file protein03.txt (compact mmCIF, C-alpha atoms)
# COMPACT_ATOMS: atom_id res chain seq x y z
CA MET A 253 2.94 34.68 20.65
CA LYS A 254 4.22 31.16 20.12
CA THR A 255 2.89 28.35 22.20
CA PRO A 256 5.13 25.54 23.39
CA ARG A 257 3.47 23.39 20.72
CA ASP A 258 4.45 25.89 18.03
CA LEU A 259 8.00 25.94 19.33
CA LEU A 260 8.25 22.17 19.37
CA LEU A 261 6.80 21.66 15.91
CA ALA A 262 8.91 24.44 14.43
CA ARG A 263 12.01 22.98 15.99
CA HIS A 264 11.45 19.58 14.43
CA HIS A 265 9.86 20.66 11.17
CA PRO A 266 13.12 20.05 9.22
CA ALA A 267 12.60 16.34 9.84
CA THR A 268 9.46 16.34 7.68
CA PRO A 269 11.13 14.80 4.57
CA GLN A 270 12.47 11.91 6.66
CA LEU A 271 9.05 11.51 8.25
CA ASP A 272 7.44 11.37 4.82
CA THR A 273 9.84 8.57 3.93
CA VAL A 274 9.12 6.75 7.19
CA ARG A 275 5.38 7.04 6.55
CA ALA A 276 5.72 5.74 3.01
CA GLN A 277 7.85 2.81 4.18
CA ALA A 278 5.38 1.86 6.89
CA LEU A 279 2.48 1.97 4.44
CA ALA A 280 4.39 0.02 1.78
CA ALA A 281 5.23 -2.69 4.32
CA ALA A 282 1.66 -2.92 5.56
CA PHE A 283 -0.05 -2.72 2.16
CA PRO A 284 2.33 -4.32 -0.34
CA ASN A 285 -0.45 -4.96 -2.85
CA ALA A 286 -1.89 -1.49 -2.65
CA ARG A 287 0.86 0.00 -4.76
CA ALA A 288 0.91 -2.59 -7.53
CA PRO A 289 -2.48 -1.80 -9.08
CA ARG A 290 -1.69 1.86 -8.82
CA ARG A 291 1.56 1.31 -10.70
CA ALA A 292 -0.17 -0.83 -13.30
CA ALA A 293 -2.85 1.80 -13.72
CA ALA A 294 -0.19 4.45 -14.07
CA ARG A 295 1.61 2.37 -16.69
CA LEU A 296 -1.64 1.90 -18.60
CA ARG A 297 -2.33 5.60 -18.44
CA ASP A 298 1.18 6.41 -19.65
CA TRP A 299 0.84 3.94 -22.51
CA TRP A 300 -2.51 5.41 -23.40
CA GLN A 301 -1.20 8.97 -23.37
CA GLU A 302 2.07 8.31 -25.17
CA LEU A 303 1.14 5.68 -27.73
CA PHE A 304 -2.54 5.89 -28.48
CA TRP A 305 -3.71 9.40 -27.76
CA PRO A 306 -1.42 11.41 -30.10
CA ALA A 307 -2.42 9.24 -33.12
CA ARG A 308 -5.93 8.43 -31.98
CA ARG A 309 -7.54 9.17 -35.38
CA ALA A 310 -5.17 6.85 -37.18
CA TRP A 311 -5.77 4.09 -34.58
CA LEU A 312 -9.53 4.55 -34.84
CA GLY A 313 -9.41 4.41 -38.65
CA LEU A 314 -7.36 1.24 -38.50
CA ALA A 315 -9.79 -0.29 -36.03
CA ALA A 316 -12.75 0.61 -38.28
CA VAL A 317 -11.08 -1.07 -41.26
CA TRP A 318 -10.52 -4.22 -39.25
CA VAL A 319 -14.13 -4.21 -38.09
CA VAL A 320 -15.29 -4.05 -41.71
CA ILE A 321 -12.93 -6.85 -42.74
CA VAL A 322 -13.94 -9.16 -39.93
CA GLY A 323 -17.64 -8.38 -40.42
CA SER A 324 -17.60 -9.12 -44.14
CA HIS A 325 -15.69 -12.32 -43.50
CA LEU A 326 -18.28 -13.47 -41.01
CA VAL A 327 -21.16 -12.65 -43.35
CA ARG A 328 -19.59 -14.58 -46.23
CA SER A 329 -18.86 -17.62 -44.12
CA GLU A 330 -22.47 -17.63 -42.88
CA ARG A 331 -23.82 -17.59 -46.46
CA GLY A 332 -21.49 -20.33 -47.68
CA ARG A 333 -22.37 -22.74 -44.92
CA PRO A 334 -24.70 -25.68 -46.00
CA GLU A 335 -28.07 -25.49 -44.34
CA ASN A 336 -28.46 -29.18 -43.48
CA PHE A 337 -24.90 -29.77 -42.55
CA THR A 338 -25.22 -32.39 -39.84
CA GLY A 339 -28.39 -34.26 -40.78
CA PRO A 340 -28.42 -37.84 -42.16
CA PRO A 341 -28.40 -38.19 -45.99
CA THR A 342 -31.82 -38.44 -47.54
CA PRO A 343 -32.74 -41.31 -49.95
CA VAL A 344 -32.53 -38.91 -52.85
CA LEU A 345 -29.07 -37.85 -51.77
CA ARG A 346 -28.05 -41.51 -51.41
CA GLN A 347 -29.29 -42.19 -54.93
CA LEU A 348 -27.36 -39.21 -56.23
CA LEU A 349 -24.23 -40.36 -54.45
CA ARG A 350 -24.60 -43.87 -55.85
CA GLU A 351 -25.04 -42.40 -59.32
CA GLN A 352 -21.96 -40.24 -58.84
CA LEU A 353 -19.93 -43.23 -57.69
CA ARG A 354 -21.10 -45.25 -60.70
CA LEU A 355 -20.20 -42.44 -63.08
CA ARG A 356 -16.85 -42.08 -61.40
CA ALA A 357 -16.16 -45.76 -61.75
CA GLU A 358 -17.10 -45.64 -65.42
CA LEU A 359 -14.93 -42.62 -65.92
CA LEU A 360 -12.01 -44.35 -64.28
CA ASP A 361 -12.54 -47.44 -66.41
CA ASP A 362 -12.55 -45.32 -69.56
CA LEU A 363 -9.44 -43.47 -68.57
CA ALA A 364 -7.56 -46.59 -67.43
CA PRO A 365 -4.84 -47.75 -69.94
CA ALA A 366 -5.51 -50.98 -71.90
CA ARG A 367 -4.24 -54.06 -70.13
CA PRO A 368 -1.27 -55.71 -71.91
CA THR A 369 -2.28 -59.02 -73.64
CA PRO A 370 -0.54 -62.00 -72.17
CA ALA A 371 2.20 -63.57 -74.28
CA PRO A 372 1.08 -66.69 -76.27
CA ALA A 373 1.69 -69.94 -74.54
CA PRO A 374 4.63 -71.97 -75.86
CA PRO A 375 3.65 -74.95 -78.01
CA ILE A 376 3.06 -78.09 -76.13
CA ASP A 377 5.58 -80.77 -76.63
CA PRO A 378 3.73 -83.67 -78.30
CA ARG A 379 5.84 -86.07 -76.36
CA ARG A 380 4.45 -84.81 -73.05
CA GLY A 381 1.26 -86.70 -73.66
CA ALA A 382 3.22 -89.94 -74.21
CA ILE A 383 4.79 -89.96 -70.83
CA SER A 384 3.93 -93.18 -69.31
CA ARG A 385 2.75 -93.16 -65.87
CA PRO A 386 4.14 -95.73 -63.45
CA PHE A 387 0.70 -96.72 -62.43
CA PRO A 388 -2.64 -95.81 -63.81
CA ILE A 389 -4.51 -92.86 -62.40
CA ALA A 390 -7.79 -93.74 -60.93
CA MET B 50 -6.73 15.94 19.79
CA PRO B 51 -9.58 18.40 19.46
CA ASP B 52 -13.00 16.75 19.41
CA HIS B 53 -14.07 18.60 16.28
CA GLU B 54 -11.18 17.17 14.31
CA GLN B 55 -12.45 14.45 12.00
CA GLN B 56 -10.06 11.60 11.38
CA PRO B 57 -10.69 8.81 8.88
CA VAL B 58 -10.27 6.08 11.50
CA HIS B 59 -13.37 4.25 10.31
CA GLU B 60 -11.95 4.03 6.79
CA ALA B 61 -8.62 2.91 8.21
CA ARG B 62 -10.38 0.06 10.00
CA SER B 63 -11.49 -1.22 6.60
CA GLY B 64 -7.86 -1.30 5.49
CA ASP B 65 -7.88 1.81 3.34
CA PRO B 66 -4.23 2.84 2.75
CA ALA B 67 -5.27 6.40 1.85
CA ALA B 68 -6.98 6.77 5.23
CA TRP B 69 -3.86 5.54 7.00
CA ASN B 70 -1.78 7.97 5.00
CA THR B 71 -4.02 10.83 6.09
CA LEU B 72 -3.84 9.78 9.72
CA PHE B 73 -0.09 9.39 9.76
CA GLN B 74 0.44 12.65 7.90
CA ARG B 75 -1.60 14.42 10.56
CA PHE B 76 0.35 12.95 13.48
CA GLN B 77 3.84 12.36 12.14
CA LEU B 78 5.41 15.67 13.18
CA PRO B 79 3.81 15.94 16.66
CA LEU B 80 4.62 12.29 17.28
CA TYR B 81 8.21 12.72 16.17
CA SER B 82 8.57 15.88 18.27
CA PHE B 83 7.33 13.99 21.29
CA VAL B 84 9.61 11.03 20.71
CA VAL B 85 12.78 12.88 19.78
CA GLU B 86 12.50 15.14 22.82
CA LEU B 87 12.45 12.02 24.95
CA VAL B 88 15.07 9.86 23.29
CA ARG B 89 17.26 12.75 22.08
CA HIS B 90 18.44 10.84 19.08
CA GLU B 91 17.06 11.64 15.64
CA GLN B 92 17.52 8.24 13.99
CA ALA B 93 16.19 6.40 17.03
CA ALA B 94 13.17 8.71 17.01
CA LEU B 95 12.51 8.06 13.32
CA ASP B 96 12.75 4.31 13.94
CA ILE B 97 10.29 4.57 16.81
CA VAL B 98 7.85 6.57 14.69
CA GLN B 99 8.01 3.97 11.93
CA GLU B 100 7.57 1.11 14.40
CA SER B 101 4.61 2.93 15.89
CA PHE B 102 2.97 3.36 12.49
CA THR B 103 3.45 -0.32 11.68
CA ALA B 104 2.10 -1.39 15.06
CA ALA B 105 -0.89 0.92 14.71
CA ILE B 106 -1.87 -0.68 11.40
CA ARG B 107 -1.43 -4.14 12.85
CA HIS B 108 -3.29 -3.57 16.11
CA LEU B 109 -6.04 -1.11 15.24
CA ASP B 110 -8.59 -3.62 16.51
CA SER B 111 -7.45 -2.83 20.04
CA LEU B 112 -8.60 0.80 19.66
CA ARG B 113 -12.10 1.02 21.11
CA GLU B 114 -13.05 4.62 20.38
CA ASP B 115 -12.13 6.21 17.06
CA ARG B 116 -11.82 9.65 18.61
CA ARG B 117 -9.01 8.35 20.83
CA PHE B 118 -6.83 7.47 17.87
CA GLY B 119 -4.30 10.22 18.61
CA SER B 120 -3.66 9.31 22.22
CA TRP B 121 -3.68 5.62 21.25
CA LEU B 122 -0.96 6.23 18.66
CA PHE B 123 1.08 8.23 21.16
CA SER B 124 0.72 5.41 23.68
CA ILE B 125 2.23 2.99 21.18
CA ALA B 126 5.12 5.39 20.62
CA HIS B 127 5.56 5.90 24.35
CA GLN B 128 5.85 2.14 24.85
CA ARG B 129 8.59 2.08 22.22
CA VAL B 130 10.32 4.99 23.96
CA VAL B 131 10.29 3.10 27.25
CA GLN B 132 11.74 0.07 25.50
CA HIS B 133 14.41 2.33 24.06
CA TRP B 134 15.20 3.69 27.50
CA ARG B 135 15.48 0.17 28.82
CA ARG B 136 17.87 -0.70 26.06
CA GLU B 137 19.85 2.38 26.94
CA SER B 138 19.82 1.38 30.62
CA ARG B 139 18.15 4.55 31.60
CA ALA B 140 14.82 3.25 32.82
CA ALA B 141 15.94 3.13 36.43
CA GLN B 142 16.12 6.89 36.74
CA VAL B 143 13.87 8.04 39.54
CA PHE B 144 13.21 11.66 40.22
CA GLN B 145 12.10 13.37 43.37
CA GLU B 146 8.93 15.35 43.01
CA THR B 147 7.87 18.07 45.41
CA ASP B 148 4.59 19.86 45.98
CA ALA B 149 4.05 23.28 44.50
CA GLU B 150 1.73 25.25 42.28
CA LEU B 151 2.31 26.27 38.69
CA GLU B 152 -0.24 27.04 36.05
CA THR B 153 1.68 28.25 33.05
CA VAL B 154 4.96 27.87 31.24
CA PRO B 155 6.99 30.84 30.12
CA ASP B 156 5.45 32.59 27.18
CA ASP B 157 6.54 35.14 24.66
CA ARG B 158 4.55 37.97 26.22
CA GLU B 159 7.46 38.42 28.61
CA ASN B 160 9.97 38.33 25.78
CA PRO B 161 11.32 41.13 23.69
CA ARG B 162 10.14 41.12 20.10
CA ASP B 163 13.59 41.02 18.74
CA GLY B 164 14.02 37.89 16.65
CA LEU B 165 17.48 37.03 17.85
CA VAL B 166 16.49 37.29 21.47
CA ARG B 167 13.37 35.24 20.80
CA ARG B 168 15.41 32.48 19.20
CA GLU B 169 17.78 32.53 22.12
CA ARG B 170 14.90 32.19 24.52
CA GLU B 171 13.41 29.38 22.50
CA ALA B 172 16.73 27.60 22.69
CA GLU B 173 16.72 28.24 26.42
CA PHE B 174 13.24 26.80 26.69
CA PHE B 175 14.33 23.56 25.04
CA ALA B 176 17.46 23.44 27.14
CA LEU B 177 15.34 23.70 30.25
CA LEU B 178 12.92 21.12 28.93
CA GLU B 179 15.77 18.70 28.48
CA ARG B 180 16.76 19.17 32.11
CA LEU B 181 13.42 17.87 33.33
CA PRO B 182 13.20 14.28 34.49
CA GLU B 183 11.98 12.00 31.72
CA PRO B 184 8.60 11.07 33.24
CA GLN B 185 7.78 14.76 33.75
CA ARG B 186 9.08 15.65 30.32
CA ALA B 187 6.89 13.00 28.69
CA VAL B 188 3.78 14.31 30.43
CA LEU B 189 4.64 17.92 29.65
CA LEU B 190 5.32 17.12 25.99
CA LEU B 191 2.01 15.31 25.61
CA HIS B 192 0.31 18.31 27.19
CA PHE B 193 2.13 20.74 24.90
CA VAL B 194 2.17 18.83 21.62
CA GLU B 195 -1.37 17.50 21.37
CA ASP B 196 -3.10 19.15 24.31
CA PHE B 197 -4.21 15.74 25.52
CA SER B 198 -6.49 15.55 28.52
CA LEU B 199 -5.12 14.17 31.78
CA GLU B 200 -7.01 10.94 31.17
CA GLU B 201 -5.47 10.60 27.73
CA ILE B 202 -1.98 11.32 29.08
CA ALA B 203 -2.58 8.68 31.73
CA ALA B 204 -3.51 6.19 29.03
CA VAL B 205 -0.52 7.11 26.89
CA THR B 206 2.02 6.82 29.67
CA ASP B 207 0.30 3.85 31.31
CA ALA B 208 0.12 5.70 34.63
CA ASN B 209 -2.79 6.40 36.92
CA LEU B 210 -4.54 9.74 36.81
CA GLY B 211 -3.11 10.97 40.12
CA THR B 212 0.42 10.31 39.01
CA VAL B 213 -0.16 12.19 35.78
CA LYS B 214 -1.63 15.17 37.62
CA SER B 215 1.32 15.21 39.95
CA ARG B 216 3.90 14.88 37.19
CA LEU B 217 2.36 17.62 35.10
CA HIS B 218 2.14 19.89 38.10
CA TYR B 219 5.75 19.42 39.12
CA ALA B 220 7.01 19.55 35.58
CA LYS B 221 5.47 22.98 35.16
CA LYS B 222 6.84 24.09 38.49
CA ALA B 223 10.31 22.83 37.73
CA LEU B 224 10.28 24.51 34.36
CA ARG B 225 9.20 27.78 35.90
CA GLN B 226 11.93 27.59 38.55
CA LEU B 227 14.56 26.79 35.97
CA TRP B 228 13.32 29.68 33.88
CA GLU B 229 13.41 32.15 36.73
CA ASN B 230 16.79 31.01 37.99
CA ARG B 231 18.51 30.98 34.61
CA PRO B 232 21.70 33.09 34.50

call {"tool": "encode", "arguments": {"input": "protein03.txt", "output": "structure tokens"}}
result
Amino acid sequence: MKTPRDLLLARHHPATPQLDTVRAQALAAAFPNARAPRRAAARLRDWWQELFWPARRAWLGLAAVWVVIVGSHLVRSERGRPENFTGPPTPVLRQLLREQLRLRAELLDDLAPARPTPAPAPPIDPRRGAISRPFPIA
Amino acid sequence: MPDHEQQPVHEARSGDPAAWNTLFQRFQLPLYSFVVELVRHEQAALDIVQESFTAAIRHLDSLREDRRFGSWLFSIAHQRVVQHWRRESRAAQVFQETDAELETVPDDRENPRDGLVRREREAEFFALLERLPEPQRAVLLLHFVEDFSLEEIAAVTDANLGTVKSRLHYAKKALRQLWENRP
């Protein structure tokens, strides 16, 4: 036996797809931000499944290689760093620097080409000394 | 709505879209059935249902008791139906109601089991329903579709309890008379 409720709902049941659309539209209008994260999450999941997951061993191997490379690089740079990098120079260091500068200067002097000798001065005209002055110099 | 039926109204109050989706999915077909039987226009009924959903999300704070969500949602839709009637210049219809007794509507126990005959009688039932005055039809539909209490129907239709009792009584009587006097 069908109740009036059953009759009514059965009569209008074909409208269910339109009602689903109406419901979705009302929710989308009221919660515009609720769908965005879901879409982003879905995109991330798709990317994960399509790009990463089928070749996951290759990606993991590549990642391990990069970890080793970066790690060894960090270790080497740590070892090569001077211990007292920022401190003021000690007197001994100053002395060494002065010595280095002196040696450098000597080295530069040795390597520098010989200076050209100036040309000999022209002979002095003997008459120049006989020029009479109009008045005597004090 | 039956008391035992749990609805995620509390979650909806915290703005959970999934809770709203569950609520609307539960009520969309009964609500549409109620509305379309009153406005008799499918697209207008769909528009009213969507407006009712949007208004429900926006004004949930005005719902005091979670268990009244169903009747509250129907009251929103009923307001939209009345506005639709006003737009259609049909709100001024006034119907004479007379005193009588009627407890039940026609049921299938009186009907032959034959499917074709049953469908014909169902069509007859809806044809008779459509002949009822709109205020009586609204009350009868709320009674049929969601089995709301008289108090809930009064809240939905914004009428006092006595008026609702009277309308439901005369709607049933009119339906019975139409049924018995059909050709």

call {"tool": "closest_atom_pairs", "arguments": {"input": "protein03.txt", "of": "chain A", "to": "chain B", "cutoff": "12 Å", "atoms": "all atoms listed in the file", "output": "tab-separated table"}}
result
residue	atom	partner	partner_atom	distance
A:Met253	CA	B:Asp157	CA	5.4
A:Lys254	CA	B:Asp157	CA	6.5
A:Thr255	CA	B:Asp156	CA	7.0
A:Pro256	CA	B:Phe193	CA	5.9
A:Arg257	CA	B:Val194	CA	4.8
A:Asp258	CA	B:Val194	CA	8.2
A:Leu259	CA	B:Glu171	CA	7.2
A:Leu260	CA	B:Ser82	CA	6.4
A:Leu261	CA	B:Ser82	CA	6.5
A:Ala262	CA	B:Ser82	CA	9.4
A:Arg263	CA	B:Ser82	CA	8.2
A:His264	CA	B:Ser82	CA	6.1
A:His265	CA	B:Leu78	CA	7.0
A:Pro266	CA	B:Leu78	CA	9.7
A:Ala267	CA	B:Leu78	CA	8.0
A:Thr268	CA	B:Leu78	CA	6.9
A:Pro269	CA	B:Leu78	CA	10.4
A:Gln270	CA	B:Leu95	CA	7.7
A:Leu271	CA	B:Gln77	CA	6.6
A:Asp272	CA	B:Gln74	CA	7.8
A:Thr273	CA	B:Gln99	CA	9.4
A:Val274	CA	B:Gln99	CA	5.6
A:Arg275	CA	B:Gln99	CA	6.7
A:Ala276	CA	B:Asn70	CA	8.1
A:Gln277	CA	B:Gln99	CA	7.8
A:Ala278	CA	B:Thr103	CA	5.6
A:Leu279	CA	B:Pro66	CA	7.0
A:Ala280	CA	B:Pro66	CA	9.1
A:Ala281	CA	B:Thr103	CA	7.9
A:Ala282	CA	B:Thr103	CA	6.9
A:Phe283	CA	B:Pro66	CA	7.0
A:Pro284	CA	B:Pro66	CA	10.2
A:Asn285	CA	B:Pro66	CA	10.3
A:Ala286	CA	B:Pro66	CA	7.3
A:Arg287	CA	B:Pro66	CA	9.5
A:Arg290	CA	B:Pro66	CA	11.9

call {"tool": "write_last_selection", "arguments": {"input": "protein03.txt", "atoms": "C-alpha atoms", "output": "PDB file, in the frame of the given file"}}
result
ATOM      1  CA  MET A 253       2.940  34.680  20.650  1.00  0.00           C
ATOM      2  CA  LYS A 254       4.220  31.160  20.120  1.00  0.00           C
ATOM      3  CA  THR A 255       2.890  28.350  22.200  1.00  0.00           C
ATOM      4  CA  PRO A 256       5.130  25.540  23.390  1.00  0.00           C
ATOM      5  CA  ARG A 257       3.470  23.390  20.720  1.00  0.00           C
ATOM      6  CA  ASP A 258       4.450  25.890  18.030  1.00  0.00           C
ATOM      7  CA  LEU A 259       8.000  25.940  19.330  1.00  0.00           C
ATOM      8  CA  LEU A 260       8.250  22.170  19.370  1.00  0.00           C
ATOM      9  CA  LEU A 261       6.800  21.660  15.910  1.00  0.00           C
ATOM     10  CA  ALA A 262       8.910  24.440  14.430  1.00  0.00           C
ATOM     11  CA  ARG A 263      12.010  22.980  15.990  1.00  0.00           C
ATOM     12  CA  HIS A 264      11.450  19.580  14.430  1.00  0.00           C
ATOM     13  CA  HIS A 265       9.860  20.660  11.170  1.00  0.00           C
ATOM     14  CA  PRO A 266      13.120  20.050   9.220  1.00  0.00           C
ATOM     15  CA  ALA A 267      12.600  16.340   9.840  1.00  0.00           C
ATOM     16  CA  THR A 268       9.460  16.340   7.680  1.00  0.00           C
ATOM     17  CA  PRO A 269      11.130  14.800   4.570  1.00  0.00           C
ATOM     18  CA  GLN A 270      12.470  11.910   6.660  1.00  0.00           C
ATOM     19  CA  LEU A 271       9.050  11.510   8.250  1.00  0.00           C
ATOM     20  CA  ASP A 272       7.440  11.370   4.820  1.00  0.00           C
ATOM     21  CA  THR A 273       9.840   8.570   3.930  1.00  0.00           C
ATOM     22  CA  VAL A 274       9.120   6.750   7.190  1.00  0.00           C
ATOM     23  CA  ARG A 275       5.380   7.040   6.550  1.00  0.00           C
ATOM     24  CA  ALA A 276       5.720   5.740   3.010  1.00  0.00           C
ATOM     25  CA  GLN A 277       7.850   2.810   4.180  1.00  0.00           C
ATOM     26  CA  ALA A 278       5.380   1.860   6.890  1.00  0.00           C
ATOM     27  CA  LEU A 279       2.480   1.970   4.440  1.00  0.00           C
ATOM     28  CA  ALA A 280       4.390   0.020   1.780  1.00  0.00           C
ATOM     29  CA  ALA A 281       5.230  -2.690   4.320  1.00  0.00           C
ATOM     30  CA  ALA A 282       1.660  -2.920   5.560  1.00  0.00           C
ATOM     31  CA  PHE A 283      -0.050  -2.720   2.160  1.00  0.00           C
ATOM     32  CA  PRO A 284       2.330  -4.320  -0.340  1.00  0.00           C
ATOM     33  CA  ASN A 285      -0.450  -4.960  -2.850  1.00  0.00           C
ATOM     34  CA  ALA A 286      -1.890  -1.490  -2.650  1.00  0.00           C
ATOM     35  CA  ARG A 287       0.860   0.000  -4.760  1.00  0.00           C
ATOM     36  CA  ARG A 290      -1.690   1.860  -8.820  1.00  0.00           C
TER      37      ARG A 290
END

call {"tool": "atom_distance", "arguments": {"input": "protein03.txt", "atom1": "atom CA of A:Val319", "atom2": "atom CA of A:Phe304"}}
result
18.1 Å

call {"tool": "atom_distance", "arguments": {"input": "protein03.txt", "atom1": "atom CA of B:Glu229", "atom2": "atom CA of B:Pro184"}}
result
21.9 Å

call {"tool": "atom_distance", "arguments": {"input": "protein03.txt", "atom1": "atom CA of B:Ala204", "atom2": "atom CA of B:Ala176"}}
result
27.2 Å

call {"tool": "residues_around", "arguments": {"input": "protein03.txt", "residues": "B:Thr71", "least_positions_apart": "3", "cutoff": "10 Å", "atoms": "only C-alpha atoms", "output": "PDB file with C-alpha atoms, in the coordinates of the input"}}
result
ATOM      1  CA  GLN B  56     -10.060  11.600  11.380  1.00  0.00           C
ATOM      2  CA  PRO B  57     -10.690   8.810   8.880  1.00  0.00           C
ATOM      3  CA  VAL B  58     -10.270   6.080  11.500  1.00  0.00           C
ATOM      4  CA  ALA B  61      -8.620   2.910   8.210  1.00  0.00           C
ATOM      5  CA  PRO B  66      -4.230   2.840   2.750  1.00  0.00           C
ATOM      6  CA  ALA B  67      -5.270   6.400   1.850  1.00  0.00           C
ATOM      7  CA  ALA B  68      -6.980   6.770   5.230  1.00  0.00           C
ATOM      8  CA  GLN B  74       0.440  12.650   7.900  1.00  0.00           C
ATOM      9  CA  ARG B  75      -1.600  14.420  10.560  1.00  0.00           C
ATOM     10  CA  PHE B  76       0.350  12.950  13.480  1.00  0.00           C
TER      11      PHE B  76
END

call {"tool": "closest_residue", "arguments": {"input": "protein03.txt", "among": "B:Glu137, B:Leu210, B:Ser63, B:Arg129", "to": "B:Asp110", "atoms": "all atoms listed in the file"}}
result
B:Ser63

call {"tool": "residues_around", "arguments": {"input": "protein03.txt", "residues": "B:Thr206", "least_positions_apart": "3", "cutoff": "7 Å", "atoms": "all atoms listed in the file", "output": "PyMOL selection string"}}
result
chain B and resi 124+127+202-203

call {"tool": "closest_residue", "arguments": {"input": "protein03.txt", "among": "B:Val88, B:Ala220, B:Glu200, B:Leu112", "to": "B:Arg135", "atoms": "all atoms listed in the file"}}
result
B:Val88

call {"tool": "decode", "arguments": {"input": "protein03.txt", "residues": "stretch 53-110 of chain B", "atoms": "C-alpha atoms", "output": "PDB file, in the first residue's frame"}}
result
ATOM      1  CA  HIS B  53      14.846   9.522  15.994  1.00  0.00           C
ATOM      2  CA  GLU B  54      16.258  10.892  12.769  1.00  0.00           C
ATOM      3  CA  GLN B  55      19.672  12.394  13.423  1.00  0.00           C
ATOM      4  CA  GLN B  56      20.568  15.380  11.299  1.00  0.00           C
ATOM      5  CA  PRO B  57      23.994  17.028  11.301  1.00  0.00           C
ATOM      6  CA  VAL B  58      22.580  20.452  12.155  1.00  0.00           C
ATOM      7  CA  HIS B  59      25.222  21.057  14.810  1.00  0.00           C
ATOM      8  CA  GLU B  60      27.979  20.489  12.253  1.00  0.00           C
ATOM      9  CA  ALA B  61      26.161  22.734   9.796  1.00  0.00           C
ATOM     10  CA  ARG B  62      26.172  25.505  12.393  1.00  0.00           C
ATOM     11  CA  SER B  63      29.965  25.380  12.347  1.00  0.00           C
ATOM     12  CA  GLY B  64      29.893  25.943   8.591  1.00  0.00           C
ATOM     13  CA  ASP B  65      30.641  22.399   7.489  1.00  0.00           C
ATOM     14  CA  PRO B  66      29.694  22.112   3.784  1.00  0.00           C
ATOM     15  CA  ALA B  67      29.477  18.317   4.024  1.00  0.00           C
ATOM     16  CA  ALA B  68      26.870  18.631   6.781  1.00  0.00           C
ATOM     17  CA  TRP B  69      24.845  21.036   4.661  1.00  0.00           C
ATOM     18  CA  ASN B  70      25.093  18.658   1.740  1.00  0.00           C
ATOM     19  CA  THR B  71      23.729  15.835   3.888  1.00  0.00           C
ATOM     20  CA  LEU B  72      20.870  17.981   5.151  1.00  0.00           C
ATOM     21  CA  PHE B  73      19.877  19.215   1.728  1.00  0.00           C
ATOM     22  CA  GLN B  74      20.143  15.761   0.206  1.00  0.00           C
ATOM     23  CA  ARG B  75      17.751  14.481   2.855  1.00  0.00           C
ATOM     24  CA  PHE B  76      15.144  17.196   2.257  1.00  0.00           C
ATOM     25  CA  GLN B  77      15.509  18.130  -1.396  1.00  0.00           C
ATOM     26  CA  LEU B  78      12.898  15.766  -2.848  1.00  0.00           C
ATOM     27  CA  PRO B  79      10.217  16.232  -0.149  1.00  0.00           C
ATOM     28  CA  LEU B  80      10.784  19.980  -0.270  1.00  0.00           C
ATOM     29  CA  TYR B  81      10.543  20.066  -4.043  1.00  0.00           C
ATOM     30  CA  SER B  82       7.412  17.885  -3.977  1.00  0.00           C
ATOM     31  CA  PHE B  83       5.822  20.284  -1.533  1.00  0.00           C
ATOM     32  CA  VAL B  84       6.760  23.359  -3.528  1.00  0.00           C
ATOM     33  CA  VAL B  85       5.951  22.101  -6.998  1.00  0.00           C
ATOM     34  CA  GLU B  86       2.520  20.899  -5.903  1.00  0.00           C
ATOM     35  CA  LEU B  87       1.818  24.428  -4.743  1.00  0.00           C
ATOM     36  CA  VAL B  88       3.303  26.504  -7.530  1.00  0.00           C
ATOM     37  CA  ARG B  89       2.651  23.966 -10.317  1.00  0.00           C
ATOM     38  CA  HIS B  90       5.657  25.069 -12.268  1.00  0.00           C
ATOM     39  CA  GLU B  91       8.792  22.943 -12.315  1.00  0.00           C
ATOM     40  CA  GLN B  92      11.370  25.672 -12.949  1.00  0.00           C
ATOM     41  CA  ALA B  93       9.771  28.005 -10.423  1.00  0.00           C
ATOM     42  CA  ALA B  94       9.826  25.173  -7.888  1.00  0.00           C
ATOM     43  CA  LEU B  95      13.503  24.468  -8.529  1.00  0.00           C
ATOM     44  CA  ASP B  96      14.282  28.171  -8.111  1.00  0.00           C
ATOM     45  CA  ILE B  97      12.391  28.258  -4.829  1.00  0.00           C
ATOM     46  CA  VAL B  98      14.230  25.189  -3.552  1.00  0.00           C
ATOM     47  CA  GLN B  99      17.585  26.759  -4.396  1.00  0.00           C
ATOM     48  CA  GLU B 100      16.598  30.070  -2.784  1.00  0.00           C
ATOM     49  CA  SER B 101      15.484  28.165   0.294  1.00  0.00           C
ATOM     50  CA  PHE B 102      18.809  26.332   0.543  1.00  0.00           C
ATOM     51  CA  THR B 103      20.743  29.583   0.213  1.00  0.00           C
ATOM     52  CA  ALA B 104      18.561  31.316   2.796  1.00  0.00           C
ATOM     53  CA  ALA B 105      18.901  28.385   5.182  1.00  0.00           C
ATOM     54  CA  ILE B 106      22.694  28.594   5.088  1.00  0.00           C
ATOM     55  CA  ARG B 107      22.581  32.341   5.586  1.00  0.00           C
ATOM     56  CA  HIS B 108      20.048  32.403   8.415  1.00  0.00           C
ATOM     57  CA  LEU B 109      20.712  29.228  10.371  1.00  0.00           C
ATOM     58  CA  ASP B 110      21.278  31.346  13.471  1.00  0.00           C
TER      59      ASP B 110
END
